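Data block below; observations after.
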Amino acid sequence: MQQTVLEHYPDVIVEYGFINRDPSMRFNQAAFTQLQKDIAHMEHTTATNKDIEYLKHTCPYLSAEYLQFLASYRFNPTVDITCSLDEMGALELKIMGKWTQVILYEIPLLSMISSAYFSHVDTDWNYTGQLEKITAKGLQLVDASCEFAEFGTRRRRDFKTQNMVVCALSQLHCGPGQCIGTSNVYLARKYNMKPVGTVGHEWTMAIAALEGTYENGNSLALRKWHATFKGSLGIALTDTFGTTAFFANFDRQLASLYAGVRHDSGDPFQFIERVHAHYTKIGISPATKTIVFSDGLDPEKAIRVKKYCAKYAVNCSFGIGTNFTNDFLCASDPTKQSKAANIVIKLLKCGDKYCVKLSDVTSKHTGDACEVERAQTSLTKLGLLD
């Protein structure tokens with residue numbers, strides 16, 4: 001996303017905030033100290049010449065201008081990030097700065113937060129059986145003809161776990177299905193896999209705020225994204241302001257430009273029906289498009305969804321995150337699940353404008369409460385919000 005931000009909104013100042021969806025997840029001082037050290041170390045992270053060459057040859061949709069920008073990019077966490085721990089153990093974290101500068105913090109920060117928590121707070125777990133578990137999951141998906149990718153960086157238990165997961169997935173036998181890649185570019189390179197991913201909610205959230213329209217926020221975001229990537233990375237995210245508002249914007253012209261859509265909240269089976277109906281209505285064969293599912297998946301759910309897609313002759317693939325990289329049992333009682341983190345970092349403001357997300361699941365709504373209400377009212381009056 002950094003490339004398209006650099007092209008369309010190079011000077012916008014933004015603010016992000018950390019959101020913990022699980023109030024019982026409290027930090028201690030040891031975890032906070034580790035997090036502080038990890039954040040400070042980010043200033044030493046740079047893209048090497050070999051990194052840039054890898055991206056140049058592996059991701060041809062990245063422009064020469066962007067790769068030149070990335071080669072000179074440096075994190076500046078002491079300026080960009082404020083982080084504190086209150087007396088109850090609640091973590092507060094804000095990121096503020098020029099959008100082009102701070103957009104890359106979200107994923108590494110979330111992985112650092114999760115790792116610190118599971119290193120110093122919840123330590124009742126171990127790696128026993130993890131390799132066997134991920135191998136079994138991968139084989140289950142392959143044998144069920146599922147195409148899937150590993151999306152587990154931001155909520156992984158730690159780096160060791162994700163490294164183990166991606167290594168195992170890279171070694172799966174060829175079958176009717178396949179693991180098509182990982183969203184972790186470092187591990188993709190290490191294990192000779194394809195780096196994969198899709199646009200995030202913040203792109204549409206920001207454009208709606210900056211351009212002052214929830215009604216047409218999706219279409220503006222989709223057109224600007226396509227202007228940058230010319231059809232590459234062509235999966236449209238549907239639930240930034242609810243799928244009704246999305247489909248109202250996703251006309252035949254736009255739908256023809258995109259390879260498919262991504263489901264990230266709400267009932268996946270109802271979504272399949274809506275996607276099939278929408279493509280049919282605008283004169284596009286659903287069989288020529290793909291749905292990428294990425295909402296709280298495990299192999300069993302993915303297989304059920306695939307079978308339902310087959311019923312409607314829609315292609316599908318799956319991005320599986322937490323179930324791959326943070327699926328553990330308690331070491332003290334292996335009959336109990338060790339709860340994974342449920343954390344996000346979301347865009348809060350662009351300039352002086354609040355940014356909101358209206359998911360298809362109300363518990364995932366984010367943003368200033370008054371602005372969320374204003375967005376809901378605006379879209380409801382237009383008949384664009386269920």
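Chain labels A, B, ... are given in the sequence in which chains occur in the structure tokens; within each chain residues are numbered consecutively from 1, and ligands are likewise numbered from 1 in the order shown.
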Residues of segment 191-281 of chain A at most 10 Å from segment 51-71 of chain A: nearest atom pair and distance in Å, only C-alpha atoms, as a Markdown table:
```
| residue | atom | partner | partner_atom | distance |
| --- | --- | --- | --- | --- |
| A:Lys194 | CA | A:Thr58 | CA | 8.0 |
| A:Pro195 | CA | A:Thr58 | CA | 8.1 |
| A:Val196 | CA | A:Cys59 | CA | 9.6 |
| A:Thr228 | CA | A:Tyr61 | CA | 8.6 |
| A:Phe229 | CA | A:Tyr61 | CA | 6.0 |
| A:Lys230 | CA | A:Tyr61 | CA | 8.1 |
| A:Gly231 | CA | A:Tyr61 | CA | 9.1 |
| A:Ser232 | CA | A:Tyr61 | CA | 6.5 |
| A:Leu233 | CA | A:Tyr61 | CA | 8.3 |
```
Deliver the residues from the most recent selection as a file, using N, CA, C and O atoms, as a PDB file, in the first residue's frame.
```
ATOM      1  N   LYS A 194       5.840 -17.725  -2.967  1.00  0.00           N
ATOM      2  CA  LYS A 194       5.356 -16.481  -3.542  1.00  0.00           C
ATOM      3  C   LYS A 194       4.883 -15.540  -2.441  1.00  0.00           C
ATOM      4  O   LYS A 194       4.094 -15.936  -1.579  1.00  0.00           O
ATOM      5  N   PRO A 195       5.360 -14.283  -2.427  1.00  0.00           N
ATOM      6  CA  PRO A 195       4.792 -13.317  -1.479  1.00  0.00           C
ATOM      7  C   PRO A 195       3.421 -12.859  -1.970  1.00  0.00           C
ATOM      8  O   PRO A 195       3.271 -12.455  -3.126  1.00  0.00           O
ATOM      9  N   VAL A 196       2.404 -12.962  -1.115  1.00  0.00           N
ATOM     10  CA  VAL A 196       1.038 -12.651  -1.524  1.00  0.00           C
ATOM     11  C   VAL A 196       0.386 -11.725  -0.499  1.00  0.00           C
ATOM     12  O   VAL A 196       0.805 -11.640   0.649  1.00  0.00           O
ATOM     13  N   THR A 228      -2.636   2.697  -9.843  1.00  0.00           N
ATOM     14  CA  THR A 228      -1.256   2.413  -9.434  1.00  0.00           C
ATOM     15  C   THR A 228      -0.789   1.049  -9.917  1.00  0.00           C
ATOM     16  O   THR A 228       0.302   0.915 -10.482  1.00  0.00           O
ATOM     17  N   PHE A 229      -1.601   0.016  -9.722  1.00  0.00           N
ATOM     18  CA  PHE A 229      -1.127  -1.350  -9.936  1.00  0.00           C
ATOM     19  C   PHE A 229      -1.602  -1.993 -11.239  1.00  0.00           C
ATOM     20  O   PHE A 229      -1.198  -3.108 -11.555  1.00  0.00           O
ATOM     21  N   LYS A 230      -2.460  -1.305 -11.997  1.00  0.00           N
ATOM     22  CA  LYS A 230      -2.829  -1.725 -13.352  1.00  0.00           C
ATOM     23  C   LYS A 230      -3.327  -3.169 -13.441  1.00  0.00           C
ATOM     24  O   LYS A 230      -3.034  -3.892 -14.385  1.00  0.00           O
ATOM     25  N   GLY A 231      -4.072  -3.615 -12.429  1.00  0.00           N
ATOM     26  CA  GLY A 231      -4.637  -4.953 -12.464  1.00  0.00           C
ATOM     27  C   GLY A 231      -3.923  -5.953 -11.589  1.00  0.00           C
ATOM     28  O   GLY A 231      -4.496  -6.984 -11.205  1.00  0.00           O
ATOM     29  N   SER A 232      -2.661  -5.728 -11.267  1.00  0.00           N
ATOM     30  CA  SER A 232      -1.978  -6.568 -10.287  1.00  0.00           C
ATOM     31  C   SER A 232      -2.574  -6.296  -8.910  1.00  0.00           C
ATOM     32  O   SER A 232      -3.151  -5.235  -8.670  1.00  0.00           O
ATOM     33  N   LEU A 233      -2.413  -7.248  -8.000  1.00  0.00           N
ATOM     34  CA  LEU A 233      -3.012  -7.116  -6.661  1.00  0.00           C
ATOM     35  C   LEU A 233      -4.501  -6.792  -6.795  1.00  0.00           C
ATOM     36  O   LEU A 233      -5.031  -5.939  -6.098  1.00  0.00           O
TER      37      LEU A 233
END
```
With 12 Å as the cut-off and only C-alpha atoms counted, what is the closest atom pair between each nearby residue of segment 311-332 of chain A and segment 148-156 of chain A? Distances in Å to one decimal, ordered by chain and number, as a Markdown table.
```
| residue | atom | partner | partner_atom | distance |
| --- | --- | --- | --- | --- |
| A:Cys316 | CA | A:Phe148 | CA | 9.0 |
| A:Ser317 | CA | A:Phe148 | CA | 5.4 |
| A:Phe318 | CA | A:Phe148 | CA | 4.4 |
| A:Gly319 | CA | A:Ala149 | CA | 4.9 |
| A:Ile320 | CA | A:Phe151 | CA | 5.2 |
| A:Gly321 | CA | A:Gly152 | CA | 3.6 |
| A:Thr322 | CA | A:Gly152 | CA | 5.5 |
| A:Asn323 | CA | A:Gly152 | CA | 7.9 |
| A:Phe324 | CA | A:Gly152 | CA | 6.5 |
| A:Thr325 | CA | A:Arg156 | CA | 4.7 |
| A:Asn326 | CA | A:Arg156 | CA | 5.2 |
| A:Asp327 | CA | A:Arg156 | CA | 9.0 |
| A:Phe328 | CA | A:Arg156 | CA | 10.8 |
```
Nearby residues (only C-alpha atoms) at most 12 Å from Tyr308 of chain A, same-chain spacing under 3 positions excluded, as a VMD selection string
chain A and resid 268 to 273 276 291 301 to 305 311 to 316
For the selection you just gave me, I'd like the residues written to a file as a PDB file, in the first residue's frame, keeping N, CA, C and O atoms.
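Contents of out.pdb, freshly written:
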```
ATOM      1  N   PRO A 268     -19.872 -16.108   5.545  1.00  0.00           N
ATOM      2  CA  PRO A 268     -19.243 -16.366   4.248  1.00  0.00           C
ATOM      3  C   PRO A 268     -20.175 -17.022   3.240  1.00  0.00           C
ATOM      4  O   PRO A 268     -20.021 -16.821   2.023  1.00  0.00           O
ATOM      5  N   PHE A 269     -21.137 -17.792   3.709  1.00  0.00           N
ATOM      6  CA  PHE A 269     -22.048 -18.489   2.799  1.00  0.00           C
ATOM      7  C   PHE A 269     -23.043 -17.514   2.173  1.00  0.00           C
ATOM      8  O   PHE A 269     -23.319 -17.579   0.967  1.00  0.00           O
ATOM      9  N   GLN A 270     -23.554 -16.591   2.979  1.00  0.00           N
ATOM     10  CA  GLN A 270     -24.406 -15.546   2.428  1.00  0.00           C
ATOM     11  C   GLN A 270     -23.611 -14.654   1.468  1.00  0.00           C
ATOM     12  O   GLN A 270     -24.136 -14.195   0.445  1.00  0.00           O
ATOM     13  N   PHE A 271     -22.348 -14.439   1.790  1.00  0.00           N
ATOM     14  CA  PHE A 271     -21.493 -13.613   0.938  1.00  0.00           C
ATOM     15  C   PHE A 271     -21.329 -14.258  -0.439  1.00  0.00           C
ATOM     16  O   PHE A 271     -21.382 -13.569  -1.471  1.00  0.00           O
ATOM     17  N   ILE A 272     -21.119 -15.552  -0.473  1.00  0.00           N
ATOM     18  CA  ILE A 272     -20.995 -16.261  -1.754  1.00  0.00           C
ATOM     19  C   ILE A 272     -22.241 -16.034  -2.604  1.00  0.00           C
ATOM     20  O   ILE A 272     -22.150 -15.747  -3.809  1.00  0.00           O
ATOM     21  N   GLU A 273     -23.393 -16.142  -1.988  1.00  0.00           N
ATOM     22  CA  GLU A 273     -24.647 -15.936  -2.716  1.00  0.00           C
ATOM     23  C   GLU A 273     -24.736 -14.509  -3.256  1.00  0.00           C
ATOM     24  O   GLU A 273     -25.162 -14.292  -4.400  1.00  0.00           O
ATOM     25  N   HIS A 276     -22.252 -14.017  -6.198  1.00  0.00           N
ATOM     26  CA  HIS A 276     -22.785 -14.662  -7.402  1.00  0.00           C
ATOM     27  C   HIS A 276     -23.907 -13.830  -8.010  1.00  0.00           C
ATOM     28  O   HIS A 276     -23.942 -13.604  -9.239  1.00  0.00           O
ATOM     29  N   ILE A 291     -13.173 -15.397  -5.090  1.00  0.00           N
ATOM     30  CA  ILE A 291     -13.369 -14.850  -3.751  1.00  0.00           C
ATOM     31  C   ILE A 291     -12.204 -15.312  -2.877  1.00  0.00           C
ATOM     32  O   ILE A 291     -11.922 -16.515  -2.802  1.00  0.00           O
ATOM     33  N   LYS A 301     -13.447 -25.036   8.278  1.00  0.00           N
ATOM     34  CA  LYS A 301     -14.317 -23.978   7.763  1.00  0.00           C
ATOM     35  C   LYS A 301     -13.994 -23.679   6.304  1.00  0.00           C
ATOM     36  O   LYS A 301     -14.901 -23.480   5.476  1.00  0.00           O
ATOM     37  N   ALA A 302     -12.711 -23.633   5.969  1.00  0.00           N
ATOM     38  CA  ALA A 302     -12.308 -23.360   4.593  1.00  0.00           C
ATOM     39  C   ALA A 302     -12.868 -24.415   3.641  1.00  0.00           C
ATOM     40  O   ALA A 302     -13.345 -24.093   2.545  1.00  0.00           O
ATOM     41  N   ILE A 303     -12.825 -25.649   4.050  1.00  0.00           N
ATOM     42  CA  ILE A 303     -13.324 -26.732   3.198  1.00  0.00           C
ATOM     43  C   ILE A 303     -14.830 -26.618   3.000  1.00  0.00           C
ATOM     44  O   ILE A 303     -15.354 -26.817   1.895  1.00  0.00           O
ATOM     45  N   ARG A 304     -15.563 -26.265   4.060  1.00  0.00           N
ATOM     46  CA  ARG A 304     -17.014 -26.064   3.924  1.00  0.00           C
ATOM     47  C   ARG A 304     -17.316 -24.914   2.968  1.00  0.00           C
ATOM     48  O   ARG A 304     -18.230 -25.013   2.130  1.00  0.00           O
ATOM     49  N   VAL A 305     -16.552 -23.845   3.091  1.00  0.00           N
ATOM     50  CA  VAL A 305     -16.750 -22.688   2.219  1.00  0.00           C
ATOM     51  C   VAL A 305     -16.439 -23.050   0.768  1.00  0.00           C
ATOM     52  O   VAL A 305     -17.162 -22.649  -0.157  1.00  0.00           O
ATOM     53  N   LYS A 311     -20.790 -24.984  -5.446  1.00  0.00           N
ATOM     54  CA  LYS A 311     -22.230 -25.015  -5.743  1.00  0.00           C
ATOM     55  C   LYS A 311     -22.627 -23.829  -6.606  1.00  0.00           C
ATOM     56  O   LYS A 311     -23.526 -23.935  -7.461  1.00  0.00           O
ATOM     57  N   TYR A 312     -21.951 -22.687  -6.424  1.00  0.00           N
ATOM     58  CA  TYR A 312     -22.276 -21.478  -7.180  1.00  0.00           C
ATOM     59  C   TYR A 312     -21.266 -21.204  -8.300  1.00  0.00           C
ATOM     60  O   TYR A 312     -21.294 -20.137  -8.908  1.00  0.00           O
ATOM     61  N   ALA A 313     -20.384 -22.166  -8.543  1.00  0.00           N
ATOM     62  CA  ALA A 313     -19.398 -22.061  -9.631  1.00  0.00           C
ATOM     63  C   ALA A 313     -18.543 -20.808  -9.515  1.00  0.00           C
ATOM     64  O   ALA A 313     -18.257 -20.121 -10.503  1.00  0.00           O
ATOM     65  N   VAL A 314     -18.114 -20.501  -8.269  1.00  0.00           N
ATOM     66  CA  VAL A 314     -17.239 -19.370  -8.016  1.00  0.00           C
ATOM     67  C   VAL A 314     -15.885 -19.899  -7.553  1.00  0.00           C
ATOM     68  O   VAL A 314     -15.822 -20.799  -6.705  1.00  0.00           O
ATOM     69  N   ASN A 315     -14.825 -19.371  -8.115  1.00  0.00           N
ATOM     70  CA  ASN A 315     -13.480 -19.755  -7.675  1.00  0.00           C
ATOM     71  C   ASN A 315     -13.199 -19.179  -6.293  1.00  0.00           C
ATOM     72  O   ASN A 315     -13.736 -18.124  -5.925  1.00  0.00           O
ATOM     73  N   CYS A 316     -12.349 -19.840  -5.542  1.00  0.00           N
ATOM     74  CA  CYS A 316     -12.045 -19.332  -4.203  1.00  0.00           C
ATOM     75  C   CYS A 316     -10.627 -19.676  -3.795  1.00  0.00           C
ATOM     76  O   CYS A 316     -10.010 -20.613  -4.313  1.00  0.00           O
TER      77      CYS A 316
END
```
Can you list, as a PyMOL selection string, every protein, DNA or RNA residue that comes within 10 Å of Gly266 of chain A when you count only C-alpha atoms, leaving out same-chain residues fewer than 5 positions away?
chain A and resi 239+242-243+271+295+359-362
I need the chosen residues saved as an mmCIF file, in the first residue's frame, with all heavy atoms.
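Everything below was put into result-v3.cif:
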```
data_model
loop_
_atom_site.group_PDB
_atom_site.id
_atom_site.type_symbol
_atom_site.label_atom_id
_atom_site.label_comp_id
_atom_site.auth_asym_id
_atom_site.auth_seq_id
_atom_site.Cartn_x
_atom_site.Cartn_y
_atom_site.Cartn_z
ATOM 1 N N ASP A 239 -15.612 -5.001 2.816
ATOM 2 C CA ASP A 239 -16.375 -4.721 4.049
ATOM 3 C C ASP A 239 -15.907 -3.498 4.826
ATOM 4 O O ASP A 239 -16.149 -3.399 6.022
ATOM 5 C CB ASP A 239 -16.359 -5.953 4.967
ATOM 6 C CG ASP A 239 -14.986 -6.224 5.575
ATOM 7 O OD1 ASP A 239 -13.959 -5.857 4.937
ATOM 8 O OD2 ASP A 239 -14.930 -6.787 6.676
ATOM 9 N N GLY A 242 -19.290 -1.995 4.897
ATOM 10 C CA GLY A 242 -20.351 -2.973 4.695
ATOM 11 C C GLY A 242 -20.466 -3.368 3.239
ATOM 12 O O GLY A 242 -20.206 -2.564 2.333
ATOM 13 N N THR A 243 -20.873 -4.587 2.988
ATOM 14 C CA THR A 243 -20.895 -5.080 1.613
ATOM 15 C C THR A 243 -21.977 -4.436 0.750
ATOM 16 O O THR A 243 -21.831 -4.349 -0.464
ATOM 17 C CB THR A 243 -21.074 -6.616 1.584
ATOM 18 O OG1 THR A 243 -22.230 -6.976 2.354
ATOM 19 C CG2 THR A 243 -19.870 -7.325 2.136
ATOM 20 N N PHE A 271 -22.348 -14.439 1.790
ATOM 21 C CA PHE A 271 -21.493 -13.613 0.938
ATOM 22 C C PHE A 271 -21.329 -14.258 -0.439
ATOM 23 O O PHE A 271 -21.382 -13.569 -1.471
ATOM 24 C CB PHE A 271 -20.135 -13.424 1.604
ATOM 25 C CG PHE A 271 -19.210 -12.505 0.861
ATOM 26 C CD1 PHE A 271 -19.365 -11.133 0.926
ATOM 27 C CD2 PHE A 271 -18.167 -13.016 0.089
ATOM 28 C CE1 PHE A 271 -18.511 -10.278 0.235
ATOM 29 C CE2 PHE A 271 -17.305 -12.182 -0.599
ATOM 30 C CZ PHE A 271 -17.477 -10.801 -0.527
ATOM 31 N N ASP A 295 -11.367 -14.451 6.912
ATOM 32 C CA ASP A 295 -11.953 -14.105 8.212
ATOM 33 C C ASP A 295 -12.015 -15.310 9.145
ATOM 34 O O ASP A 295 -12.887 -16.171 9.001
ATOM 35 C CB ASP A 295 -13.366 -13.546 8.008
ATOM 36 C CG ASP A 295 -14.045 -13.177 9.324
ATOM 37 O OD1 ASP A 295 -13.342 -12.754 10.260
ATOM 38 O OD2 ASP A 295 -15.270 -13.321 9.410
ATOM 39 N N SER A 359 -17.626 -2.618 9.652
ATOM 40 C CA SER A 359 -17.549 -4.016 9.250
ATOM 41 C C SER A 359 -18.944 -4.630 9.122
ATOM 42 O O SER A 359 -19.939 -4.081 9.593
ATOM 43 C CB SER A 359 -16.724 -4.784 10.286
ATOM 44 O OG SER A 359 -16.806 -6.166 10.089
ATOM 45 N N ASP A 360 -18.996 -5.803 8.501
ATOM 46 C CA ASP A 360 -20.249 -6.555 8.465
ATOM 47 C C ASP A 360 -20.540 -7.223 9.802
ATOM 48 O O ASP A 360 -21.580 -7.858 9.962
ATOM 49 C CB ASP A 360 -20.197 -7.607 7.353
ATOM 50 C CG ASP A 360 -20.368 -6.983 5.975
ATOM 51 O OD1 ASP A 360 -21.147 -6.018 5.856
ATOM 52 O OD2 ASP A 360 -19.727 -7.448 5.025
ATOM 53 N N VAL A 361 -19.625 -7.092 10.742
ATOM 54 C CA VAL A 361 -19.832 -7.530 12.130
ATOM 55 C C VAL A 361 -19.621 -6.300 13.010
ATOM 56 O O VAL A 361 -18.539 -5.720 13.019
ATOM 57 C CB VAL A 361 -18.842 -8.646 12.529
ATOM 58 C CG1 VAL A 361 -18.982 -8.997 13.992
ATOM 59 C CG2 VAL A 361 -19.067 -9.883 11.661
ATOM 60 N N THR A 362 -20.654 -5.882 13.719
ATOM 61 C CA THR A 362 -20.595 -4.599 14.434
ATOM 62 C C THR A 362 -19.479 -4.540 15.472
ATOM 63 O O THR A 362 -18.965 -3.455 15.762
ATOM 64 C CB THR A 362 -21.941 -4.297 15.124
ATOM 65 O OG1 THR A 362 -22.290 -5.392 15.982
ATOM 66 C CG2 THR A 362 -23.044 -4.107 14.093
#
```
From the DSSP assignment of the backbone, select every residue of segment 89-327 of chain A that is alpha helix (DSSP H), and format the answer as JSON, numbers by chain.
{"A": [99, 100, 101, 102, 106, 107, 108, 109, 110, 111, 112, 113, 114, 115, 116, 117, 118, 119, 120, 130, 131, 132, 133, 134, 135, 136, 137, 138, 139, 140, 141, 142, 143, 159, 160, 161, 162, 163, 164, 165, 166, 167, 168, 169, 170, 185, 186, 187, 188, 189, 190, 201, 202, 203, 204, 205, 206, 207, 208, 209, 210, 211, 217, 218, 219, 220, 221, 222, 223, 224, 225, 226, 227, 228, 229, 243, 244, 245, 246, 247, 248, 249, 252, 253, 254, 255, 256, 257, 268, 269, 270, 271, 272, 273, 274, 275, 276, 277, 278, 279, 280, 281, 299, 300, 301, 302, 303, 304, 305, 306, 307, 308, 309, 310, 311, 322, 323, 324, 325]}
Would you return as JSON, numbers by chain the members of segment 304-359 of chain A that DSSP assigns to strand (DSSP E or B) on this structure's backbone?
{"A": [315, 316, 317, 318, 319, 320, 328, 329, 337, 338, 343, 344, 345, 346, 347, 348, 349, 350, 353, 354, 357]}
Find the residues of segment 121-218 of chain A that sit at most 12 Å from segment 372-385 of chain A; for each, write down the nearest two atoms and how far apart they are in Å, to one decimal. Count only C-alpha atoms. Sort by chain, then by number going up, and give it as a tab-separated table.
```
residue	atom	partner	partner_atom	distance
A:Met205	CA	A:Ala375	CA	11.2
A:Ala208	CA	A:Ala375	CA	10.2
A:Ala209	CA	A:Ala375	CA	10.3
A:Gly212	CA	A:Ala375	CA	10.7
A:Thr213	CA	A:Ala375	CA	9.2
A:Tyr214	CA	A:Ala375	CA	6.8
A:Glu215	CA	A:Leu379	CA	6.5
A:Asn216	CA	A:Leu379	CA	10.3
A:Gly217	CA	A:Leu379	CA	11.2
A:Asn218	CA	A:Leu384	CA	11.9
```
Please produce a file of the residues just selected, as an mmCIF file, in the first residue's frame, where the atoms kept are N, CA, C and O atoms.
```
data_model
loop_
_atom_site.group_PDB
_atom_site.id
_atom_site.type_symbol
_atom_site.label_atom_id
_atom_site.label_comp_id
_atom_site.auth_asym_id
_atom_site.auth_seq_id
_atom_site.Cartn_x
_atom_site.Cartn_y
_atom_site.Cartn_z
ATOM 1 N N MET A 205 -10.700 3.441 4.059
ATOM 2 C CA MET A 205 -11.031 4.311 5.190
ATOM 3 C C MET A 205 -10.458 5.710 4.983
ATOM 4 O O MET A 205 -11.144 6.725 5.177
ATOM 5 N N ALA A 208 -12.105 7.698 1.915
ATOM 6 C CA ALA A 208 -13.442 8.197 2.257
ATOM 7 C C ALA A 208 -13.348 9.436 3.141
ATOM 8 O O ALA A 208 -14.120 10.391 2.971
ATOM 9 N N ALA A 209 -12.404 9.419 4.074
ATOM 10 C CA ALA A 209 -12.234 10.571 4.961
ATOM 11 C C ALA A 209 -11.657 11.770 4.207
ATOM 12 O O ALA A 209 -12.168 12.894 4.314
ATOM 13 N N GLY A 212 -14.153 13.001 1.625
ATOM 14 C CA GLY A 212 -15.423 13.414 2.204
ATOM 15 C C GLY A 212 -16.633 12.662 1.708
ATOM 16 O O GLY A 212 -17.721 13.250 1.560
ATOM 17 N N THR A 213 -16.490 11.353 1.444
ATOM 18 C CA THR A 213 -17.641 10.584 0.969
ATOM 19 C C THR A 213 -17.581 9.138 1.419
ATOM 20 O O THR A 213 -16.643 8.416 1.070
ATOM 21 N N TYR A 214 -18.594 8.707 2.176
ATOM 22 C CA TYR A 214 -18.741 7.285 2.473
ATOM 23 C C TYR A 214 -19.488 6.591 1.342
ATOM 24 O O TYR A 214 -19.251 5.419 1.059
ATOM 25 N N GLU A 215 -20.373 7.326 0.687
ATOM 26 C CA GLU A 215 -21.175 6.751 -0.384
ATOM 27 C C GLU A 215 -20.296 6.232 -1.518
ATOM 28 O O GLU A 215 -20.525 5.134 -2.050
ATOM 29 N N ASN A 216 -19.277 6.994 -1.899
ATOM 30 C CA ASN A 216 -18.424 6.627 -3.030
ATOM 31 C C ASN A 216 -16.990 6.310 -2.612
ATOM 32 O O ASN A 216 -16.101 6.246 -3.468
ATOM 33 N N GLY A 217 -16.775 6.080 -1.330
ATOM 34 C CA GLY A 217 -15.426 5.796 -0.846
ATOM 35 C C GLY A 217 -14.825 4.547 -1.474
ATOM 36 O O GLY A 217 -13.636 4.518 -1.826
ATOM 37 N N ASN A 218 -15.654 3.516 -1.629
ATOM 38 C CA ASN A 218 -15.147 2.270 -2.218
ATOM 39 C C ASN A 218 -14.698 2.468 -3.663
ATOM 40 O O ASN A 218 -13.612 2.030 -4.054
#
```
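Candidate residues A:Lys336, A:Leu91, A:Leu169, A:Pro176 were compared for distance to Asp22 of chain A, and the nearest is A:Leu91, using only C-alpha atoms.
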Separating atom CA of Thr290 of chain A from atom CA of Thr366 of chain A, to the nearest tenth of an Å, is a gap of 27.4 Å
Find the residues around Lys160 of chain A up to 10 Å (only C-alpha atoms counted), leave out those fewer than 5 positions away in its own chain, and share them as an MDAnalysis selection string.
chainID A and resid 115 127 165 325
Would you mind exporting all heavy atoms of the selected residues as a compact mmCIF listing (two decimals), in the first residue's frame?
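result_2.txt written:
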```txt
# COMPACT_ATOMS: atom_id res chain seq x y z
N SER A 115 4.32 -11.25 20.52
CA SER A 115 5.49 -11.99 20.99
C SER A 115 5.87 -11.61 22.41
O SER A 115 6.19 -12.47 23.24
CB SER A 115 6.68 -11.73 20.05
OG SER A 115 7.82 -12.44 20.48
N TYR A 127 6.12 -25.62 22.23
CA TYR A 127 6.05 -25.94 20.80
C TYR A 127 5.71 -27.40 20.52
O TYR A 127 5.70 -27.80 19.35
CB TYR A 127 7.39 -25.60 20.13
CG TYR A 127 7.78 -24.15 20.23
CD1 TYR A 127 8.74 -23.73 21.15
CD2 TYR A 127 7.18 -23.18 19.43
CE1 TYR A 127 9.11 -22.40 21.25
CE2 TYR A 127 7.53 -21.85 19.52
CZ TYR A 127 8.50 -21.47 20.44
OH TYR A 127 8.85 -20.15 20.54
N VAL A 165 5.94 -22.78 10.65
CA VAL A 165 4.73 -22.95 9.84
C VAL A 165 5.04 -22.82 8.35
O VAL A 165 4.67 -23.67 7.53
CB VAL A 165 3.66 -21.94 10.27
CG1 VAL A 165 2.54 -21.85 9.23
CG2 VAL A 165 3.09 -22.30 11.63
N THR A 325 -0.60 -19.70 12.89
CA THR A 325 0.56 -19.23 13.64
C THR A 325 0.32 -18.96 15.12
O THR A 325 1.24 -18.55 15.83
CB THR A 325 1.12 -17.94 13.00
OG1 THR A 325 0.12 -16.92 13.04
CG2 THR A 325 1.55 -18.18 11.56
```
Would you mind reading off the distance between atom CA of Ile134 of chain A and atom CA of Phe159 of chain A, one decimal, in Å?
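Separation between atom CA of Ile134 of chain A and atom CA of Phe159 of chain A: 15.0 Å.
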Just the number, please: distance in Å from atom CA of Met25 of chain A to atom CA of Ile113 of chain A, one decimal.
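Value for the atom CA of Met25 of chain A-atom CA of Ile113 of chain A distance: 11.1 Å.
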Between A:Glu87, A:Asp80, A:Asp122, A:Glu7, which residue has the minimum interatomic distance to Leu329 of chain A, considering only C-alpha atoms?
A:Asp122
Neighbouring residues of Asp143 of chain A were defined as those with any atom within 8 Å, considering only C-alpha atoms; residues of the same chain fewer than 2 positions away were excluded. Please report them as a list in words.
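Non-adjacent residues within range: Leu139, Gln140, Leu141, Ser145, Cys146, Gly175, Pro176 and Gly177 of chain A.
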Test item: residues at most 10 Å from Gln171 of chain A, only C-alpha atoms, excluding those fewer than 5 positions along its chain, as a PyMOL selection string
chain A and resi 135+138+166+179+191
Hey, which of A:Glu15, A:Glu147, A:Glu300, A:Asp124 ends up closest to Glu106 of chain A? Count only C-alpha atoms.
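Checking each of A:Glu15, A:Glu147, A:Glu300, A:Asp124 against Glu106 of chain A, counting only C-alpha atoms, the winner is A:Glu15.
Considering only C-alpha atoms, the residue among A:Phe247, A:Ile19, A:Asn184, A:Thr123 positioned nearest to Lys339 of chain A is A:Thr123.
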